[in-house]
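query05.cif follows (mmCIF, C-alpha atoms):
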```cif
data_protein
#
loop_
_atom_site.label_atom_id
_atom_site.label_comp_id
_atom_site.auth_asym_id
_atom_site.auth_seq_id
_atom_site.Cartn_x
_atom_site.Cartn_y
_atom_site.Cartn_z
CA MET A 300 92.72 144.96 71.84
CA GLN A 301 89.33 146.57 71.18
CA LEU A 302 87.03 145.77 68.24
CA GLY A 303 83.72 147.35 67.25
CA ILE A 304 81.02 145.07 65.83
CA LEU A 305 79.02 146.65 62.98
CA GLY A 306 76.51 145.53 60.40
CA LEU A 307 73.05 145.93 58.93
CA PRO A 308 70.02 145.17 61.14
CA LYS A 309 69.34 141.47 61.76
CA ALA A 310 72.71 140.33 60.44
CA GLY A 311 73.50 138.55 63.72
CA LYS A 312 75.76 141.11 65.40
CA THR A 313 74.39 140.73 68.92
CA THR A 314 74.23 136.95 68.61
CA LEU A 315 77.92 136.92 67.70
CA PHE A 316 78.62 139.37 70.54
CA ASN A 317 76.90 137.02 73.00
CA THR A 318 78.92 134.07 71.71
CA LEU A 319 82.23 135.90 72.00
CA THR A 320 81.68 137.54 75.40
CA ALA A 321 79.35 135.02 77.12
CA ALA A 322 76.81 137.84 77.43
CA ARG A 323 73.06 137.35 77.32
CA GLN A 324 71.89 140.43 75.47
CA GLU A 325 68.40 140.06 74.04
CA THR A 326 68.11 138.92 70.44
CA GLY A 327 65.10 138.05 68.32
CA LYS A 328 63.95 137.56 64.77
CA PHE A 329 61.62 140.52 64.55
CA ALA A 330 63.17 143.33 66.61
CA ALA A 331 66.64 144.83 66.35
CA SER A 332 68.35 146.19 69.46
CA ALA A 333 68.95 149.93 69.59
CA GLN A 334 71.53 149.83 72.38
CA THR A 335 75.31 149.66 72.36
CA ASN A 336 76.72 146.66 74.26
CA MET A 337 80.24 146.26 75.61
CA GLY A 338 81.89 143.04 76.75
CA VAL A 339 85.20 141.25 77.18
CA ALA A 340 86.09 137.93 75.57
CA THR A 341 88.72 135.56 76.90
CA VAL A 342 90.85 134.31 74.02
CA PRO A 343 91.26 130.52 74.19
CA ASP A 344 94.86 129.40 73.65
CA ARG A 345 95.64 125.69 73.88
CA ARG A 346 99.35 126.44 74.32
CA LEU A 347 98.70 128.55 77.40
CA GLU A 348 96.23 126.04 78.79
CA GLN A 349 98.88 123.31 78.66
CA LEU A 350 101.38 125.57 80.45
CA ARG A 351 98.73 126.27 83.08
CA ASP A 352 98.25 122.54 83.61
CA LEU A 353 102.02 122.12 83.96
CA PHE A 354 102.62 124.93 86.49
CA ARG A 355 99.24 124.87 88.30
CA PRO A 356 99.55 128.57 89.16
CA ARG A 357 97.48 130.50 91.70
CA LYS A 358 96.37 132.83 88.89
CA TYR A 359 95.69 132.15 85.22
CA GLN A 360 95.26 135.05 82.77
CA PRO A 361 94.71 134.38 79.06
CA ALA A 362 94.62 137.25 76.57
CA THR A 363 91.40 139.22 76.31
CA VAL A 364 89.59 141.19 73.63
CA GLN A 365 87.01 143.92 74.24
CA TYR A 366 84.07 144.00 71.84
CA VAL A 367 81.57 146.81 71.33
CA ASP A 368 78.26 145.83 69.68
CA ILE A 369 76.88 148.80 67.72
CA PRO A 370 73.16 148.98 66.71
CA GLY A 371 72.35 148.08 63.11
CA ILE A 372 73.14 150.67 60.43
CA ARG A 373 70.75 151.46 57.58
CA ARG A 374 71.67 152.86 54.19
CA GLY A 375 72.28 156.61 54.35
CA GLU A 376 72.21 156.75 58.16
CA GLY A 377 75.81 155.81 58.96
CA ALA A 378 77.15 159.22 59.97
CA GLU A 379 74.12 159.87 62.20
CA SER A 380 73.70 156.41 63.73
CA LEU A 381 77.33 155.38 64.25
CA ASP A 382 78.55 155.67 67.83
CA LEU A 383 81.59 157.63 66.68
CA ALA A 384 82.91 158.34 70.16
CA LYS A 385 83.25 154.62 70.89
CA LEU A 386 84.27 153.49 67.40
CA LYS A 387 87.14 155.96 67.09
CA GLY A 388 88.93 154.20 69.94
CA MET A 389 88.64 150.77 68.32
CA ASP A 390 91.75 149.02 67.01
CA ALA A 391 89.70 147.35 64.27
CA LEU A 392 86.11 146.86 63.12
CA VAL A 393 84.16 143.62 62.80
CA HIS A 394 81.50 143.68 60.07
CA VAL A 395 78.94 140.91 60.57
CA VAL A 396 77.43 140.14 57.17
CA ARG A 397 74.28 138.13 56.65
CA ALA A 398 74.95 135.14 54.42
CA PHE A 399 72.05 132.94 55.54
CA ASP A 400 68.51 132.54 54.18
CA ASP A 401 65.51 132.84 56.48
CA PRO A 402 62.12 133.79 54.98
CA GLU A 403 60.95 135.01 58.41
CA ILE A 404 63.70 137.64 58.61
CA VAL A 405 63.32 140.26 55.90
CA HIS A 406 66.66 141.64 54.75
CA PRO A 407 66.59 145.49 54.86
CA GLU A 408 67.90 145.57 51.27
CA GLY A 409 65.41 143.00 49.99
CA GLY A 410 67.68 139.99 49.59
CA VAL A 411 70.86 138.31 50.80
CA ASP A 412 73.96 139.63 49.02
CA PRO A 413 77.13 139.64 51.17
CA ALA A 414 79.30 141.51 48.65
CA ARG A 415 76.71 144.30 48.36
CA ASP A 416 76.43 144.59 52.15
CA VAL A 417 80.21 144.81 52.59
CA ALA A 418 80.38 147.60 50.00
CA MET A 419 77.39 149.37 51.57
CA LEU A 420 78.87 149.50 55.06
CA ASP A 421 82.22 150.62 53.65
CA LEU A 422 80.39 153.49 51.94
CA GLU A 423 78.76 154.53 55.24
CA LEU A 424 82.20 154.62 56.89
CA ILE A 425 83.60 156.59 53.95
CA LEU A 426 80.79 159.15 54.22
CA ALA A 427 81.35 159.53 57.97
CA ASP A 428 85.08 160.08 57.34
CA HIS A 429 84.39 162.58 54.55
CA ASP A 430 82.19 164.61 56.88
CA LEU A 431 84.94 164.73 59.51
CA VAL A 432 87.62 165.68 56.95
CA GLU A 433 85.45 168.48 55.56
CA ARG A 434 84.89 169.91 59.04
CA ARG A 435 88.62 169.87 59.75
CA LEU A 436 89.40 171.56 56.41
CA ASP A 437 86.80 174.23 57.15
CA ARG A 438 88.54 175.03 60.44
CA LEU A 439 91.92 175.19 58.71
CA GLU A 440 90.52 177.52 56.04
CA LYS A 441 89.23 179.87 58.73
CA ALA A 442 92.66 179.82 60.35
CA VAL A 443 94.45 180.89 57.14
CA LYS A 444 94.01 184.58 58.02
CA ARG A 445 96.00 184.26 61.22
CA GLY A 446 98.57 182.09 59.43
CA LEU A 447 98.99 178.33 59.41
CA SER A 448 101.97 176.64 60.99
CA SER A 449 104.13 174.43 58.79
CA GLU A 450 102.52 171.36 60.38
CA GLU A 451 99.02 172.71 59.70
CA GLN A 452 99.99 173.42 56.10
CA ARG A 453 101.16 169.83 55.61
CA GLU A 454 97.98 168.55 57.28
CA ARG A 455 95.81 170.72 55.02
CA ALA A 456 97.57 169.47 51.90
CA LEU A 457 97.24 165.84 53.02
CA LEU A 458 93.53 166.14 53.78
CA ALA A 459 92.61 168.19 50.70
CA ASP A 460 94.85 166.67 48.04
CA VAL A 461 94.99 163.02 49.13
CA ILE A 462 92.47 161.95 51.75
CA ARG A 463 89.41 163.83 50.47
CA LEU A 464 90.04 162.74 46.88
CA HIS A 465 90.41 159.11 47.95
CA LEU A 466 87.15 159.25 49.92
CA GLU A 467 85.30 160.99 47.07
CA ALA A 468 86.33 158.09 44.85
CA GLU A 469 84.38 155.94 47.37
CA ARG A 470 87.45 153.99 48.43
CA PRO A 471 88.13 153.13 52.09
CA LEU A 472 91.28 154.66 53.54
CA ARG A 473 92.62 151.26 54.59
CA GLU A 474 93.55 150.81 50.90
CA LEU A 475 95.65 153.98 50.87
CA ARG A 476 99.43 153.72 51.33
CA LEU A 477 101.04 156.78 52.95
CA ASP A 478 104.56 157.58 54.05
CA PRO A 479 105.22 157.26 57.83
CA ASP A 480 104.90 161.01 58.51
CA ASP A 481 101.51 161.24 56.81
CA GLU A 482 100.36 158.05 58.57
CA ARG A 483 101.20 159.71 61.88
CA ARG A 484 99.25 162.85 60.95
CA LEU A 485 96.22 160.83 59.89
CA ARG A 486 96.27 158.55 62.94
CA GLY A 487 95.06 161.33 65.23
CA PHE A 488 91.78 161.60 63.33
CA GLN A 489 90.89 157.93 64.00
CA LEU A 490 89.10 157.73 60.64
CA LEU A 491 86.83 154.71 60.48
CA SER A 492 87.48 153.52 56.92
CA ALA A 493 91.21 153.47 57.71
CA LYS A 494 90.76 150.85 60.43
CA PRO A 495 91.44 147.18 59.62
CA MET A 496 88.25 145.24 58.97
CA LEU A 497 87.30 141.67 59.91
CA VAL A 498 84.34 140.51 57.82
CA VAL A 499 82.39 137.78 59.64
CA LEU A 500 80.06 135.92 57.30
CA ASN A 501 77.08 134.65 59.28
CA VAL A 502 76.18 131.57 57.25
CA ASP A 503 73.62 128.78 57.44
CA GLU A 504 74.48 126.02 59.88
CA ALA A 505 74.97 123.53 57.04
CA ARG A 506 77.51 125.78 55.28
CA VAL A 507 79.69 126.91 58.16
CA ALA A 508 82.47 124.43 57.33
CA ASP A 509 82.42 125.18 53.58
CA HIS A 510 84.88 128.10 53.63
CA ALA A 511 82.21 130.61 52.56
CA GLU A 512 84.74 133.43 52.84
CA ARG A 513 86.01 132.42 49.39
CA GLU A 514 82.87 133.98 47.92
CA LEU A 515 84.16 137.50 48.63
CA THR A 516 87.13 139.21 47.05
CA LEU A 517 88.18 141.94 49.48
CA GLY A 518 90.94 144.52 49.46
CA PRO A 519 93.96 145.11 51.72
CA GLY A 520 93.43 145.43 55.44
CA VAL A 521 90.50 142.99 55.40
CA LYS A 522 90.21 139.38 56.58
CA THR A 523 87.19 137.09 56.48
CA VAL A 524 85.94 134.27 58.68
CA ALA A 525 82.71 132.26 58.47
CA VAL A 526 80.51 131.44 61.48
CA SER A 527 76.99 130.25 62.11
CA ALA A 528 76.21 132.61 64.96
CA PRO A 529 72.91 131.17 66.32
CA ILE A 530 74.03 127.54 66.58
CA GLU A 531 77.46 128.51 67.88
CA GLU A 532 75.87 130.69 70.56
CA GLU A 533 73.90 127.63 71.67
CA ILE A 534 77.06 125.51 71.68
CA SER A 535 78.95 128.12 73.73
CA ARG A 536 76.45 127.63 76.58
CA LEU A 537 77.06 123.87 76.78
CA PRO A 538 79.53 122.25 79.21
CA PRO A 539 83.05 122.19 77.69
CA GLU A 540 83.03 118.41 77.32
CA GLU A 541 79.92 118.61 75.10
CA GLN A 542 80.99 121.57 72.99
CA GLN A 543 83.60 119.72 70.94
CA GLU A 544 81.13 116.99 70.04
CA PHE A 545 78.67 119.50 68.57
CA LEU A 546 81.40 121.45 66.80
CA SER A 547 82.57 118.21 65.19
CA GLU A 548 79.05 117.61 63.90
CA LEU A 549 79.31 121.01 62.15
CA GLY A 550 82.65 120.01 60.65
CA LEU A 551 84.55 122.50 62.84
CA SER A 552 87.64 121.87 64.91
CA GLU A 553 87.25 125.03 67.01
CA ALA A 554 84.59 127.48 68.16
CA SER A 555 83.84 130.84 66.57
CA LEU A 556 85.53 132.63 69.48
CA ASP A 557 88.82 130.93 68.59
CA ARG A 558 88.46 131.67 64.88
CA VAL A 559 87.39 135.28 65.29
CA ALA A 560 90.03 136.02 67.94
CA ARG A 561 92.82 134.49 65.85
CA ALA A 562 91.71 136.33 62.72
CA SER A 563 91.56 139.57 64.73
CA GLN A 564 95.14 139.12 65.95
CA GLU A 565 96.37 138.31 62.44
CA LEU A 566 94.54 141.34 61.03
CA LEU A 567 96.17 143.67 63.56
CA GLY A 568 99.59 142.04 63.29
CA LEU A 569 99.52 140.88 66.92
CA LEU A 570 101.01 137.90 68.72
CA SER A 571 101.11 136.48 72.25
CA PHE A 572 104.08 135.69 74.45
CA PHE A 573 103.79 134.01 77.84
CA THR A 574 105.10 134.43 81.37
CA VAL A 575 104.92 131.39 83.66
CA GLY A 576 105.44 130.47 87.28
CA GLU A 577 103.73 129.16 90.39
CA ASP A 578 102.13 132.55 91.00
CA GLU A 579 100.79 133.20 87.52
CA VAL A 580 100.63 131.89 83.97
CA ARG A 581 99.69 134.71 81.63
CA ALA A 582 99.49 135.73 77.96
CA TRP A 583 100.66 139.17 76.83
CA THR A 584 99.60 140.66 73.50
CA ILE A 585 102.12 142.70 71.48
CA ARG A 586 102.59 143.74 67.85
CA ARG A 587 104.69 141.57 65.58
CA GLY A 588 108.21 142.94 65.35
CA THR A 589 108.26 144.16 68.98
CA HIS A 590 111.70 144.08 70.56
CA ALA A 591 112.35 142.47 73.93
CA ARG A 592 112.69 145.71 75.84
CA GLU A 593 109.35 147.06 74.55
CA ALA A 594 107.73 143.67 75.21
CA ALA A 595 108.89 143.98 78.82
CA GLY A 596 106.92 147.22 78.99
CA ALA A 597 103.73 145.24 78.29
CA VAL A 598 104.32 143.51 81.63
CA HIS A 599 105.36 146.63 83.58
CA SER A 600 106.96 149.96 82.75
CA ASP A 601 109.60 149.43 85.48
CA ILE A 602 110.73 146.20 83.79
CA GLU A 603 111.18 148.05 80.49
CA ARG A 604 113.04 150.89 82.20
CA GLY A 605 115.42 148.54 84.04
CA PHE A 606 115.68 145.89 81.29
CA ILE A 607 118.88 143.79 81.37
CA ARG A 608 118.20 140.56 79.50
CA ALA A 609 115.32 138.31 78.42
CA GLU A 610 115.34 134.56 79.04
CA VAL A 611 113.48 132.98 76.14
CA VAL A 612 112.27 129.46 75.33
CA ARG A 613 109.62 128.06 73.00
CA TRP A 614 106.41 127.03 74.77
CA ASP A 615 106.52 123.47 73.38
CA ASP A 616 110.14 122.98 74.49
CA LEU A 617 109.19 124.04 78.01
CA LEU A 618 106.19 121.74 77.96
CA ARG A 619 108.41 118.84 76.87
CA LEU A 620 111.18 119.40 79.43
CA LYS A 621 108.80 120.52 82.24
CA THR A 622 111.00 123.17 83.92
CA LEU A 623 112.98 126.26 82.95
CA ALA A 624 116.00 124.75 84.71
CA ALA A 625 115.85 121.68 82.45
CA CYS A 626 115.58 123.94 79.40
CA ARG A 627 118.65 125.85 80.60
CA ASP A 628 120.58 122.60 81.08
CA GLN A 629 119.67 121.50 77.55
CA GLY A 630 120.86 124.83 76.14
CA ILE A 631 117.51 125.85 74.69
CA LEU A 632 116.76 128.60 77.20
CA ARG A 633 118.40 131.58 75.51
CA LEU A 634 119.56 134.94 76.81
CA GLU A 635 118.50 137.73 74.47
CA GLY A 636 119.24 141.46 74.48
CA LYS A 637 116.95 144.48 74.12
CA ASP A 638 116.88 144.32 70.30
CA TYR A 639 115.68 140.70 70.13
CA VAL A 640 112.34 140.41 68.30
CA VAL A 641 109.90 138.40 70.43
CA GLN A 642 108.12 135.58 68.58
CA ASP A 643 104.61 134.17 68.94
CA GLY A 644 104.30 131.47 71.60
CA GLU A 645 107.60 132.14 73.34
CA VAL A 646 107.89 131.97 77.12
CA VAL A 647 109.86 134.98 78.34
CA HIS A 648 111.34 135.86 81.72
CA PHE A 649 112.76 139.36 82.00
CA ARG A 650 115.82 140.24 84.03
CA PHE A 651 115.76 143.87 85.18
CA ASN A 652 117.10 146.24 87.78
CA VAL A 653 115.49 149.49 88.97
#
```

Please express the file's structure as structure tokens.
Amino acid sequence: MQLGILGLPKAGKTTLFNTLTAARQETGKFAASAQTNMGVATVPDRRLEQLRDLFRPRKYQPATVQYVDIPGIRRGEGAESLDLAKLKGMDALVHVVRAFDDPEIVHPEGGVDPARDVAMLDLELILADHDLVERRLDRLEKAVKRGLSSEEQRERALLADVIRLHLEAERPLRELRLDPDDERRLRGFQLLSAKPMLVVLNVDEARVADHAERELTLGPGVKTVAVSAPIEEEISRLPPEEQQEFLSELGLSEASLDRVARASQELLGLLSFFTVGEDEVRAWTIRRGTHAREAAGAVHSDIERGFIRAEVVRWDDLLRLKTLAACRDQGILRLEGKDYVVQDGEVVHFRFNV
């Protein structure tokens, strides 16, 4: 799972990036970074941690998320300043929105207004997409003389009659509902406004537990989560035993990494299943609705190819009974076929033969 972090200058993007990835990229009140940062975040999962403590494996591998921190975008500069090559490969975008007051940090638009900033960044993405669509239509127009294939004709009609009109109405493509064939055609363009969006409201420390996301009414394909990036970055550098105490003082039960990672998975329709044993306890990330055979492919392509059956048990049942053998004796370790839909938090062992 890869997510690109975007936002206006001084919104707190790099501070959030440092919190999520345990990086130490330079931040400051009066200078915005002009570099793109990349890092990997380990996704905390209390369920997996308890299974690790039960099996005490030689290797422990929680799920991970890769974040790319993009330099701040100013009004009218999106198409030129966006790192399009990196952003096109992202599964989703994270828009860090300033929702805190600080007289020492001048907002580039003159004042704090989260709804305005969300709409402004959406417009920059829309303009970047419109530029790409126009270039593609120009190439198709030049190819008319030699004759367009039936697939090119359908692509031309989709871009000219649907996508361009939607963008010119200043609406992000994530709001557009297409049939499966047109979705497939559009997917290859990796248009930015079509990507799911996680809006992270960077709020004052005193407001972080007040559900500030309720202040914004956002469209489909968007989720919101509130953090206080500076204080949570400080907390993330404390020993684990001290972190919970400080989070409790903020009125939070979990750190921003947990909240952002969970919201990201929900936004993308993802879930985690687990494999356990003395060698390794590991989380695997798949899309909701994935069948057992395809889930096996997340572990290894040979397991998918030689899939026979999946042994499945809920993580909490395994934790309660301690061993897979005890779960089998109690009749709660199930054998499932290739069409079984794997559920979040299930422990799965695949039987296969190659």

Report task. Counting only C-alpha atoms, figure out which residue out of A:Leu307, A:Met496, A:Val417, A:Val411 gets nearest to Lys522 in chain A. Result -> A:Met496

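Between CA of Leu392 in chain A and CA of Asp643 in chain A the interatomic distance comes to 23.2 Å.
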
**Report entry** Non-local contacts of Gly303 in chain A (8 Å; all atoms listed in the file; under 5 positions in same chain excluded) as a PyMOL selection string
**Finding:** chain A and resi 366-369+386+389+391-393

Those residues you just picked out, can you put them in a file as a PDB file, keeping the file's coordinate frame with C-alpha atoms?
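Result file follows (part_37.pdb):
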```pdb
ATOM      1  CA  TYR A 366      84.070 144.000  71.840  1.00  0.00           C
ATOM      2  CA  VAL A 367      81.570 146.810  71.330  1.00  0.00           C
ATOM      3  CA  ASP A 368      78.260 145.830  69.680  1.00  0.00           C
ATOM      4  CA  ILE A 369      76.880 148.800  67.720  1.00  0.00           C
ATOM      5  CA  LEU A 386      84.270 153.490  67.400  1.00  0.00           C
ATOM      6  CA  MET A 389      88.640 150.770  68.320  1.00  0.00           C
ATOM      7  CA  ALA A 391      89.700 147.350  64.270  1.00  0.00           C
ATOM      8  CA  LEU A 392      86.110 146.860  63.120  1.00  0.00           C
ATOM      9  CA  VAL A 393      84.160 143.620  62.800  1.00  0.00           C
TER      10      VAL A 393
END
```

Query raised in the report: Mind telling me what the PyMOL selection byres ((chain A and resi 363) around 8) catches here, as an NGL selection string?
Result: :A and (300 or 339-342 or 361-362 or 364-365)

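The interatomic distance for the pair CA of Asp480 in chain A and CA of Leu420 in chain A works out to 28.7 Å.
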
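From CA of Ala322 in chain A back to CA of Ala418 in chain A, the distance works out to 29.3 Å.
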
Report task. Pull out every residue that the PyMOL selection byres ((chain A and resi 498) around 6) matches in the shown coordinates and put them as a VMD selection string. Result -> chain A and resid 393 to 394 497 499 523

Hey, can you spit out that residue selection with C-alpha atoms as an mmCIF file, in the coordinates of the input?
```
data_model
loop_
_atom_site.group_PDB
_atom_site.id
_atom_site.type_symbol
_atom_site.label_atom_id
_atom_site.label_comp_id
_atom_site.auth_asym_id
_atom_site.auth_seq_id
_atom_site.Cartn_x
_atom_site.Cartn_y
_atom_site.Cartn_z
ATOM 1 C CA VAL A 393 84.160 143.620 62.800
ATOM 2 C CA HIS A 394 81.500 143.680 60.070
ATOM 3 C CA LEU A 497 87.300 141.670 59.910
ATOM 4 C CA VAL A 499 82.390 137.780 59.640
ATOM 5 C CA THR A 523 87.190 137.090 56.480
#
```

Report task. Might you spell out which residues the PyMOL selection byres ((chain A and resi 387) around 7) would select in the displayed file, as a PyMOL selection string? Result -> chain A and resi 383-386+388-389+489-491

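Shortest atom-to-atom contact with Ser600 in chain A among A:Val559, A:Ile631, A:Asn652, A:Leu424: A:Asn652, counting all atoms listed in the file.
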
Query raised in the report: For the point (110.2, 146.3, 89.1) in file coordinates, what residues are within 7 Å, counting all atoms listed in the file? Give the answer as number ranges by chain?
Result: A: 601-602, 653

Export of prior selection with C-alpha atoms as an mmCIF file, keeping the file's coordinate frame:
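Result written to selection.cif:
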```
data_model
loop_
_atom_site.group_PDB
_atom_site.id
_atom_site.type_symbol
_atom_site.label_atom_id
_atom_site.label_comp_id
_atom_site.auth_asym_id
_atom_site.auth_seq_id
_atom_site.Cartn_x
_atom_site.Cartn_y
_atom_site.Cartn_z
ATOM 1 C CA ASP A 601 109.600 149.430 85.480
ATOM 2 C CA ILE A 602 110.730 146.200 83.790
ATOM 3 C CA VAL A 653 115.490 149.490 88.970
#
```

Query raised in the report: Which residue, A:Trp583, A:Phe573, A:Phe399, A:Phe488, has the smallest gap to His648 in chain A when you use all atoms listed in the file?
Result: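 Of A:Trp583, A:Phe573, A:Phe399, A:Phe488, the one nearest His648 in chain A is A:Phe573, counting all atoms listed in the file.
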
Requested in this report: Name the residues in contact with Glu482 in chain A at a cut-off of 12 Å, using all atoms listed in the file, excluding same-chain residues fewer than 6 positions from it; report them as a ChimeraX atom specification.
Outcome: /A:454,457-458,461-462,472-473,475-476,488-490,493

Query raised in the report: With all atoms listed in the file as the basis for distance, which of A:Leu347, A:Pro495, A:Asp428, A:Gly306 is at the shortest distance from Gly371 in chain A?
Result: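 Among the listed residues, the smallest separation from Gly371 in chain A belongs to A:Gly306.
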
Identify, on the basis of all atoms listed in the file, every residue whose closest approach to range 619-627 of chain A does not exceed 12 Å; exclude the query and any residue fewer than 4 positions from it along the same chain; express the result as a JSON list (two decimals) with C-alpha atoms, in the frame of the given file.
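Saved the output as result12.json:
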```json
[["chain", "number", "residue", "atom", "x", "y", "z"],
["A", 349, "GLN", "CA", 98.88, 123.31, 78.66],
["A", 350, "LEU", "CA", 101.38, 125.57, 80.45],
["A", 351, "ARG", "CA", 98.73, 126.27, 83.08],
["A", 352, "ASP", "CA", 98.25, 122.54, 83.61],
["A", 353, "LEU", "CA", 102.02, 122.12, 83.96],
["A", 354, "PHE", "CA", 102.62, 124.93, 86.49],
["A", 574, "THR", "CA", 105.10, 134.43, 81.37],
["A", 575, "VAL", "CA", 104.92, 131.39, 83.66],
["A", 576, "GLY", "CA", 105.44, 130.47, 87.28],
["A", 577, "GLU", "CA", 103.73, 129.16, 90.39],
["A", 610, "GLU", "CA", 115.34, 134.56, 79.04],
["A", 611, "VAL", "CA", 113.48, 132.98, 76.14],
["A", 612, "VAL", "CA", 112.27, 129.46, 75.33],
["A", 613, "ARG", "CA", 109.62, 128.06, 73.00],
["A", 614, "TRP", "CA", 106.41, 127.03, 74.77],
["A", 615, "ASP", "CA", 106.52, 123.47, 73.38],
["A", 631, "ILE", "CA", 117.51, 125.85, 74.69],
["A", 632, "LEU", "CA", 116.76, 128.60, 77.20],
["A", 633, "ARG", "CA", 118.40, 131.58, 75.51],
["A", 634, "LEU", "CA", 119.56, 134.94, 76.81],
["A", 646, "VAL", "CA", 107.89, 131.97, 77.12],
["A", 647, "VAL", "CA", 109.86, 134.98, 78.34],
["A", 648, "HIS", "CA", 111.34, 135.86, 81.72]]
```

Taking (119.5, 144.5, 78.3) in the file's coordinates as the center, which residues reach within 10 Å of it, counting all atoms listed in the file, put as a CSV table (one decimal) with C-alpha atoms, in the coordinates of the input?
```csv
chain,number,residue,atom,x,y,z
A,591,ALA,CA,112.4,142.5,73.9
A,592,ARG,CA,112.7,145.7,75.8
A,603,GLU,CA,111.2,148.0,80.5
A,604,ARG,CA,113.0,150.9,82.2
A,605,GLY,CA,115.4,148.5,84.0
A,606,PHE,CA,115.7,145.9,81.3
A,607,ILE,CA,118.9,143.8,81.4
A,608,ARG,CA,118.2,140.6,79.5
A,609,ALA,CA,115.3,138.3,78.4
A,634,LEU,CA,119.6,134.9,76.8
A,635,GLU,CA,118.5,137.7,74.5
A,636,GLY,CA,119.2,141.5,74.5
A,637,LYS,CA,117.0,144.5,74.1
A,638,ASP,CA,116.9,144.3,70.3
A,639,TYR,CA,115.7,140.7,70.1
A,649,PHE,CA,112.8,139.4,82.0
A,650,ARG,CA,115.8,140.2,84.0
A,651,PHE,CA,115.8,143.9,85.2
A,652,ASN,CA,117.1,146.2,87.8
```

Query raised in the report: If we count all atoms listed in the file, what is near Tyr359 in chain A at a cut-off of 7 Å, once residues fewer than 2 positions away on the same chain are taken out, given as a list in words?
Result: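 The residues that qualify are Arg351, Pro356, Arg357, Pro361, Glu579, Val580 and Arg581 of chain A.
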
**Report entry** Shortest interatomic distance to Asp400 in chain A - which of A:Leu319, A:Ala468, A:Val502, A:Ala597, counting only C-alpha atoms
**Finding:** A:Val502
